[in-house]
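One structure is given below, encoded as structure tokens.
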Amino acid sequence: MSYKLADRVLRAKPSATNMLDKRTKELIAQGRDIIALNYGEPDFDTPPHVKQAAIAAIEAGKTKYTQVDGTPELKQAIIGKLQRENNLTYEANQILVSCGGKHSIANALQALLNVGDEVIIPAPFWVSYPEMVRIADGTPVIISADITQNFKITAAQLEKAITPKTKLFMLNSPSNPSGAAYTHAELVALGEVLLRHPQVLILSDDLYEHILWTAEPFHNIVNACPALYERSIVINGVSKAYAMTGWRIGYAAGAAEIIKAMTLIQSQATSCPCSISQAASVAALNSDRHWMQPMVDAYKERHDYMVPALNEIPGFNCRYSEGAFYLFPNVEQAIAKLGLADDMAFADYLLNKAEVSLVPGTPFGLPGYIRFSYATSMELLQESVRRIRAAVL
């Protein structure tokens, strides 16, 4: 039987990372010795004090529905975090807790976009951004910034991309997939462009803010250009820096009117986030960050090994990044050397020949690249490099 599906489904593509994750797990289940570097997930465990807070919440019977927009305790913890760590001030009616940062972004897009609204997205981008825009009836407008630009767009590129139809500008720093982080000066330059176009709202995806090793501390575009405060939606969560991916807690901070609209969308779609996860997130956000440092140090050590190791592989061109736990080397020469069609074929080749699972660059908006996640052990990273080198030579 044939079904007529909604247009929004037909125009959206499946998540490349989820599809590759499924294929990788299938091969592992078949007994293949696959090194999975496709996962965007910390390999560290959730901190003990966070797990204990969840256990205490269960034992206290906090297993009921909560307020749609999050418990008062968690919203206050988020407000405190944003003030303490980001110098950003919000009230409770400016905070929405959702089932992960992805859910927060989806709520924002559903609340803001109408048919024909344009959303500017720098490439490389997280694979879901354009598809989430399309599902919300918007039109993605892609600005490319390749390795020669350190994967960061310029103010001139942003200015050129803005039209009367532009509704939203999305920025992710540090970036998935490149690990690139914008400097304060670069954000100021982008902010100056946006100030000239008051119809444009800004979505700042800050999920990797703590996984950063630059001399300059983390800044988002609101820090760099405070005049954009009323027009900006700050997205964050506990998944990456707190090693809490499965707990599914993200949050948004922004203008009360926008947050109210996002809350309405959430109330009719998913209701409240998990009560136990919210209790655990209170403990995470209210604690100091000393326990994060060993994780960040490990990521940095792996990063510092991987960049020169990848650059020694013929046909690879990899830049040092500023944060997150990804590298995004250009592999066009390696693809040509092997006589393959593109980065999609190259990723498939490495999966079958080298038994290393990686994500091709095309779904991130930059063909000819490939994404490595180094959120795994140094031993597996070293073995993956050995296998890839043997498969490419």
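Letters for chains follow the order of the structure tokens (A, B, ...), residue numbers begin at 1 for each chain, and ligand numbers begin at 1 in the order shown.
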
Note to self: Can you tell me, as number ranges by chain, which residues in range 234-373 of chain A count as alpha helix (DSSP H) by DSSP?
What the structure shows: A: 256-269, 275-286, 293-311, 332-338, 343-349

Margin query: So that I can check the surroundings of Val9 in chain A, please list as a PyMOL selection string every protein, DNA and RNA residue that reaches within 10 Å of it, counting only C-alpha atoms and ignoring chain neighbours fewer than 6 positions away.
Written below: chain A and resi 131+134-135

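A straight line drawn from CA of Pro42 in chain A to CA of Phe325 in chain A is 8.4 Å long.
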
Item checked: Shell of 12 Å around Ala57 in chain A, only C-alpha atoms, local chain residues under 2 positions omitted, as a count of residues only -> 22

Can you tell me, as a PDB file with C-alpha atoms, in the first residue's frame, what residues are no more than 8 Å from Pro122 in chain A when counting only C-alpha atoms, ignoring any on the same chain fewer than 4 positions away?
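As written to disk, selection_35.pdb reads:
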```
ATOM      1  CA  ILE A 142      24.486  27.870   3.373  1.00  0.00           C
ATOM      2  CA  ILE A 143      27.720  29.882   3.669  1.00  0.00           C
ATOM      3  CA  SER A 144      30.789  27.710   3.055  1.00  0.00           C
ATOM      4  CA  ALA A 145      34.026  28.127   4.988  1.00  0.00           C
ATOM      5  CA  LYS A 152      34.971  30.063   9.978  1.00  0.00           C
ATOM      6  CA  ILE A 153      32.884  32.466   7.907  1.00  0.00           C
ATOM      7  CA  MET A 170      22.687  29.863  13.358  1.00  0.00           C
ATOM      8  CA  LEU A 171      26.180  29.686  14.847  1.00  0.00           C
TER       9      LEU A 171
END
```

Notebook entry, point to check: Near range 357-370 of chain A, within 6 Å and counting only C-alpha atoms, which residues show up once chain neighbours fewer than 2 positions away are dropped, as a list in words?
Noted result: Ala36, Leu37, Asn38, Ala123, Pro124, Phe125, Trp126, Val127, Phe328, Pro329, Asn330, Val331, Glu332, Asp343, Met344, Ala347 and Leu351 of chain A

I need the chosen residues saved as a compact mmCIF listing (two decimals), in the first residue's frame, with C-alpha atoms.
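So the final result, stored in result.txt, reads:
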```
# COMPACT_ATOMS: atom_id res chain seq x y z
CA ALA A 36 33.94 3.49 15.73
CA LEU A 37 35.16 7.07 15.38
CA ASN A 38 31.77 8.25 14.14
CA ALA A 123 29.20 25.14 6.60
CA PRO A 124 30.53 22.84 7.84
CA PHE A 125 27.44 22.46 10.01
CA TRP A 126 25.96 19.85 12.29
CA VAL A 127 24.10 17.52 9.93
CA PHE A 328 37.68 17.46 9.93
CA PRO A 329 40.55 16.79 7.52
CA ASN A 330 40.37 17.40 3.79
CA VAL A 331 40.84 14.05 2.03
CA GLU A 332 40.31 14.99 -1.61
CA ASP A 343 33.91 11.33 0.38
CA MET A 344 30.83 9.12 0.76
CA ALA A 347 33.99 6.58 4.17
CA LEU A 351 34.61 1.10 6.91
```

Note to self: So that I can see what lies close to Ile233 in chain A, please list as a PyMOL selection string the residues with an atom at most 10 Å from it, counting only C-alpha atoms and leaving out residues fewer than 6 positions away in the same chain.
What the structure shows: chain A and resi 94-95+104-105+108+170+201-205+222+252-255+258-259

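Taking only C-alpha atoms into account, Pro47 in chain A lies nearest to A:Arg289 out of the set A:Arg289, A:His303, A:Arg248, A:Lys353.
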
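The list of residues with at least one atom within 7 Å of Ala136 in chain A, based on only C-alpha atoms and without residues fewer than 3 positions apart in the same chain, reads Leu109, Gln110, Leu113, Met132 and Val133 of chain A.
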
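Of the residues under consideration (A:Leu327, A:Met244, A:Leu194, A:Met378), A:Leu194 shows the shortest atom-to-atom contact distance to Ser232 in chain A when counting only C-alpha atoms.
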
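Between CA of Lys102 in chain A and CA of Pro140 in chain A there is a distance of 16.9 Å.
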